[in-house]
$ cat work25.txt   # compact mmCIF, N, CA and C atoms
# COMPACT_ATOMS: atom_id res chain seq x y z
N ASN A 1 -23.21 -31.19 10.46
CA ASN A 1 -21.92 -30.52 10.54
C ASN A 1 -22.01 -29.14 9.91
N SER A 2 -21.39 -28.21 10.55
CA SER A 2 -21.36 -26.86 9.99
C SER A 2 -19.91 -26.45 9.77
N LEU A 3 -19.73 -25.66 8.79
CA LEU A 3 -18.41 -25.17 8.47
C LEU A 3 -18.26 -23.77 9.06
N GLU A 4 -17.26 -23.61 9.91
CA GLU A 4 -17.02 -22.30 10.50
C GLU A 4 -15.89 -21.62 9.75
N THR A 5 -16.08 -20.35 9.48
CA THR A 5 -15.03 -19.60 8.83
C THR A 5 -14.69 -18.38 9.67
N THR A 6 -13.46 -18.00 9.61
CA THR A 6 -12.99 -16.81 10.30
C THR A 6 -12.30 -15.92 9.30
N THR A 7 -12.68 -14.68 9.29
CA THR A 7 -12.04 -13.73 8.40
C THR A 7 -11.09 -12.87 9.22
N VAL A 8 -9.84 -12.83 8.80
CA VAL A 8 -8.84 -12.01 9.47
C VAL A 8 -8.49 -10.86 8.54
N THR A 9 -8.63 -9.65 9.05
CA THR A 9 -8.28 -8.49 8.24
C THR A 9 -7.10 -7.79 8.88
N ALA A 10 -6.19 -7.34 8.05
CA ALA A 10 -5.02 -6.61 8.54
C ALA A 10 -5.45 -5.23 9.03
N ALA A 11 -4.69 -4.71 9.97
CA ALA A 11 -4.95 -3.36 10.46
C ALA A 11 -4.72 -2.37 9.32
N LEU A 12 -5.56 -1.39 9.25
CA LEU A 12 -5.43 -0.35 8.25
C LEU A 12 -4.13 0.42 8.49
N LEU A 13 -3.38 0.65 7.44
CA LEU A 13 -2.13 1.40 7.54
C LEU A 13 -2.42 2.88 7.71
N THR A 14 -1.92 3.45 8.79
CA THR A 14 -2.08 4.88 9.04
C THR A 14 -0.80 5.45 9.63
N ILE A 15 -0.58 6.73 9.43
CA ILE A 15 0.48 7.48 10.10
C ILE A 15 -0.22 8.49 10.98
N THR A 16 0.00 8.39 12.31
CA THR A 16 -0.71 9.28 13.22
C THR A 16 0.18 10.36 13.82
N GLY A 17 1.49 10.20 13.72
CA GLY A 17 2.36 11.22 14.28
C GLY A 17 3.82 10.98 13.98
N VAL A 18 4.60 12.06 14.10
CA VAL A 18 6.05 12.01 13.92
C VAL A 18 6.66 12.74 15.12
N THR A 19 7.56 12.07 15.83
CA THR A 19 8.22 12.67 16.98
C THR A 19 9.71 12.79 16.68
N ASN A 20 10.26 13.98 16.86
CA ASN A 20 11.68 14.22 16.67
C ASN A 20 12.41 13.78 17.93
N SER A 21 13.31 12.81 17.80
CA SER A 21 14.07 12.31 18.93
C SER A 21 15.44 12.99 19.04
N GLY A 22 15.77 13.87 18.08
CA GLY A 22 17.04 14.58 18.08
C GLY A 22 18.10 13.85 17.28
N GLY A 23 19.05 14.60 16.76
CA GLY A 23 20.17 14.02 16.04
C GLY A 23 19.79 13.31 14.75
N GLY A 24 18.73 13.75 14.10
CA GLY A 24 18.29 13.12 12.86
C GLY A 24 17.46 11.87 13.06
N ALA A 25 17.05 11.61 14.30
CA ALA A 25 16.24 10.44 14.62
C ALA A 25 14.79 10.84 14.86
N TYR A 26 13.88 10.00 14.37
CA TYR A 26 12.45 10.25 14.50
C TYR A 26 11.74 8.95 14.82
N THR A 27 10.60 9.07 15.48
CA THR A 27 9.71 7.93 15.68
C THR A 27 8.42 8.21 14.95
N ILE A 28 8.02 7.28 14.09
CA ILE A 28 6.76 7.39 13.36
C ILE A 28 5.75 6.53 14.09
N ALA A 29 4.62 7.13 14.46
CA ALA A 29 3.54 6.40 15.13
C ALA A 29 2.41 6.16 14.14
N GLY A 30 1.71 5.06 14.30
CA GLY A 30 0.59 4.76 13.43
C GLY A 30 0.06 3.36 13.68
N THR A 31 -0.55 2.79 12.67
CA THR A 31 -1.09 1.44 12.79
C THR A 31 -0.77 0.65 11.52
N GLY A 32 -0.76 -0.66 11.66
CA GLY A 32 -0.62 -1.53 10.50
C GLY A 32 0.79 -1.63 9.93
N PHE A 33 1.81 -1.36 10.75
CA PHE A 33 3.18 -1.42 10.26
C PHE A 33 3.65 -2.88 10.21
N THR A 34 3.00 -3.66 9.38
CA THR A 34 3.34 -5.07 9.19
C THR A 34 3.74 -5.26 7.74
N ASN A 35 4.84 -5.94 7.49
CA ASN A 35 5.34 -6.17 6.13
C ASN A 35 5.61 -4.87 5.39
N VAL A 36 6.27 -3.94 6.08
CA VAL A 36 6.65 -2.67 5.45
C VAL A 36 7.69 -2.98 4.37
N SER A 37 7.44 -2.48 3.17
CA SER A 37 8.38 -2.74 2.08
C SER A 37 9.21 -1.51 1.71
N ILE A 38 8.63 -0.31 1.87
CA ILE A 38 9.35 0.92 1.54
C ILE A 38 8.97 2.01 2.54
N VAL A 39 9.97 2.74 3.01
CA VAL A 39 9.77 3.99 3.74
C VAL A 39 10.52 5.04 2.92
N ARG A 40 9.81 6.10 2.54
CA ARG A 40 10.38 7.11 1.65
C ARG A 40 10.12 8.50 2.24
N ILE A 41 11.15 9.34 2.24
CA ILE A 41 11.00 10.74 2.62
C ILE A 41 11.38 11.56 1.40
N GLY A 42 10.43 12.39 0.94
CA GLY A 42 10.65 13.11 -0.30
C GLY A 42 10.84 12.09 -1.41
N GLY A 43 11.94 12.15 -2.11
CA GLY A 43 12.22 11.18 -3.16
C GLY A 43 13.26 10.15 -2.76
N THR A 44 13.58 10.06 -1.46
CA THR A 44 14.63 9.16 -1.00
C THR A 44 14.05 7.95 -0.30
N ASP A 45 14.33 6.76 -0.82
CA ASP A 45 13.94 5.53 -0.14
C ASP A 45 14.94 5.25 0.97
N LEU A 46 14.43 5.02 2.18
CA LEU A 46 15.29 4.70 3.31
C LEU A 46 15.66 3.22 3.25
N VAL A 47 16.76 2.86 3.88
CA VAL A 47 17.26 1.49 3.86
C VAL A 47 16.93 0.82 5.19
N LEU A 48 16.26 -0.34 5.11
CA LEU A 48 15.90 -1.10 6.30
C LEU A 48 17.14 -1.43 7.11
N ASN A 49 17.07 -1.24 8.41
CA ASN A 49 18.13 -1.50 9.37
C ASN A 49 19.34 -0.57 9.23
N THR A 50 19.27 0.38 8.31
CA THR A 50 20.29 1.43 8.22
C THR A 50 19.65 2.77 8.55
N ASN A 51 18.53 3.09 7.86
CA ASN A 51 17.82 4.34 8.11
C ASN A 51 16.50 4.15 8.85
N TYR A 52 15.95 2.94 8.82
CA TYR A 52 14.71 2.72 9.56
C TYR A 52 14.61 1.29 10.06
N THR A 53 13.86 1.16 11.16
CA THR A 53 13.57 -0.14 11.76
C THR A 53 12.11 -0.14 12.17
N VAL A 54 11.40 -1.19 11.81
CA VAL A 54 10.02 -1.35 12.27
C VAL A 54 10.11 -1.98 13.66
N THR A 55 9.77 -1.18 14.68
CA THR A 55 9.93 -1.65 16.06
C THR A 55 8.68 -2.35 16.58
N SER A 56 7.53 -2.08 15.94
CA SER A 56 6.28 -2.76 16.31
C SER A 56 5.26 -2.47 15.21
N THR A 57 4.07 -3.00 15.35
CA THR A 57 3.02 -2.73 14.36
C THR A 57 2.52 -1.28 14.46
N THR A 58 2.99 -0.55 15.49
CA THR A 58 2.55 0.84 15.67
C THR A 58 3.69 1.85 15.70
N ALA A 59 4.93 1.40 15.44
CA ALA A 59 6.07 2.33 15.52
C ALA A 59 7.18 1.96 14.54
N ILE A 60 7.75 2.99 13.92
CA ILE A 60 8.92 2.85 13.07
C ILE A 60 9.94 3.87 13.56
N SER A 61 11.18 3.43 13.76
CA SER A 61 12.26 4.32 14.15
C SER A 61 13.05 4.69 12.90
N ILE A 62 13.29 5.99 12.71
CA ILE A 62 14.07 6.48 11.59
C ILE A 62 15.34 7.13 12.13
N THR A 63 16.48 6.84 11.50
CA THR A 63 17.74 7.45 11.89
C THR A 63 18.38 8.08 10.66
N ASN A 64 19.37 8.92 10.90
CA ASN A 64 20.13 9.55 9.82
C ASN A 64 19.23 10.32 8.85
N ALA A 65 18.22 11.00 9.37
CA ALA A 65 17.29 11.73 8.51
C ALA A 65 17.49 13.24 8.57
N SER A 66 18.61 13.68 9.11
CA SER A 66 18.88 15.13 9.18
C SER A 66 18.83 15.73 7.79
N GLY A 67 18.11 16.82 7.66
CA GLY A 67 18.03 17.53 6.40
C GLY A 67 17.01 16.97 5.42
N MET A 68 16.43 15.82 5.71
CA MET A 68 15.42 15.25 4.81
C MET A 68 14.10 15.97 5.03
N VAL A 69 13.47 16.39 3.95
CA VAL A 69 12.17 17.05 4.02
C VAL A 69 11.30 16.53 2.88
N GLY A 70 10.02 16.73 3.04
CA GLY A 70 9.08 16.32 2.00
C GLY A 70 8.06 15.37 2.58
N PRO A 71 7.24 14.82 1.73
CA PRO A 71 6.24 13.87 2.22
C PRO A 71 6.89 12.58 2.70
N LEU A 72 6.28 11.99 3.72
CA LEU A 72 6.70 10.69 4.26
C LEU A 72 5.74 9.64 3.71
N PHE A 73 6.27 8.66 3.02
CA PHE A 73 5.47 7.57 2.47
C PHE A 73 5.85 6.27 3.15
N ILE A 74 4.85 5.46 3.45
CA ILE A 74 5.08 4.10 3.94
C ILE A 74 4.28 3.17 3.04
N TYR A 75 4.95 2.16 2.50
CA TYR A 75 4.31 1.17 1.62
C TYR A 75 4.43 -0.20 2.25
N LEU A 76 3.36 -0.98 2.16
CA LEU A 76 3.37 -2.36 2.62
C LEU A 76 3.46 -3.30 1.42
N SER A 77 3.91 -4.52 1.67
CA SER A 77 4.04 -5.49 0.59
C SER A 77 2.70 -5.88 -0.02
N ASP A 78 1.58 -5.63 0.70
CA ASP A 78 0.26 -5.97 0.15
C ASP A 78 -0.34 -4.84 -0.68
N GLY A 79 0.42 -3.76 -0.89
CA GLY A 79 -0.05 -2.66 -1.73
C GLY A 79 -0.61 -1.47 -0.97
N GLN A 80 -0.85 -1.61 0.35
CA GLN A 80 -1.34 -0.46 1.11
C GLN A 80 -0.25 0.61 1.15
N GLN A 81 -0.69 1.86 1.20
CA GLN A 81 0.26 2.95 1.37
C GLN A 81 -0.36 4.04 2.22
N ALA A 82 0.49 4.75 2.93
CA ALA A 82 0.06 5.89 3.72
C ALA A 82 1.04 7.02 3.47
N VAL A 83 0.57 8.24 3.56
CA VAL A 83 1.44 9.39 3.35
C VAL A 83 1.14 10.47 4.37
N ARG A 84 2.19 11.10 4.84
CA ARG A 84 2.07 12.30 5.67
C ARG A 84 2.76 13.38 4.86
N PHE A 85 2.07 14.43 4.52
CA PHE A 85 2.57 15.39 3.56
C PHE A 85 3.65 16.31 4.08
N GLU A 86 3.84 16.36 5.38
CA GLU A 86 4.88 17.22 5.92
C GLU A 86 5.81 16.40 6.81
N PHE A 87 7.05 16.26 6.38
CA PHE A 87 8.07 15.63 7.21
C PHE A 87 9.20 16.63 7.32
N PRO A 88 9.74 16.90 8.47
CA PRO A 88 9.50 16.18 9.70
C PRO A 88 8.09 16.38 10.29
N ASN A 89 7.58 17.56 10.47
CA ASN A 89 6.18 17.78 10.87
C ASN A 89 5.92 19.21 11.13

$ encode --input "work25.txt" --output "structure tokens"
Amino acid sequence: NSLETTTVTAALLTITGVTNSGGGAYTIAGTGFTNVSIVRIGGTDLVLNTNYTVTSTTAISITNASGMVGPLFIYLSDGQQAVRFEFPN
């Protein structure tokens, strides 16, 4: 008998782009958007389902972000973080 093991690794968290959808709405593209715990623009934490929604493992929709500037931070519950230093872009 042999013991088989499988190692599952989470996708690396990355931010690959920011698209302005108009009216203070943006789409964040990237990878590893699983178990997002914080989305922050500058020093402001956005509120889940009010200011942002994780639409897939590769996209986050942001609303009501008019006038927000600064770095964009995304944090996962497992401690991973990604930053884009210019928001909107």

$ residues_around --input "work25.txt" --residues "A:Ile74" --least-positions-apart "4" --cutoff "12 Å" --atoms "only C-alpha atoms" --output "number ranges by chain"
A: 13-15, 28-42, 44-46, 52, 54, 59-60, 78-85

$ select_by_dssp --input "work25.txt" --residues "stretch 21-87 of chain A" --states "strand (DSSP E or B)" --output "PyMOL selection string"
chain A and resi 21-22+25-31+36-41+44-45+48+52-56+59-62+70-76+81-87

$ atom_distance --input "work25.txt" --atom1 "atom N of A:Gly67" --atom2 "atom C of A:Gly23"
8.1 Å

$ atom_distance --input "work25.txt" --atom1 "atom CA of A:Gly22" --atom2 "atom CA of A:Leu72"
17.7 Å

$ atom_distance --input "work25.txt" --atom1 "atom CA of A:Gly70" --atom2 "atom C of A:Gly24"
14.6 Å

$ closest_residue --input "work25.txt" --among "A:Leu48, A:Gly43, A:Pro88, A:Tyr75" --to "A:Asn20" --atoms "only N, CA and C atoms"
A:Pro88

$ residues_around --input "work25.txt" --residues "A:Thr27" --least-positions-apart "4" --cutoff "6 Å" --atoms "all atoms listed in the file" --output "PyMOL selection string"
chain A and resi 17-21+60-62

$ closest_residue --input "work25.txt" --among "A:Phe87, A:Thr58, A:Val69, A:Leu76" --to "A:Thr16" --atoms "only C-alpha atoms"
A:Thr58
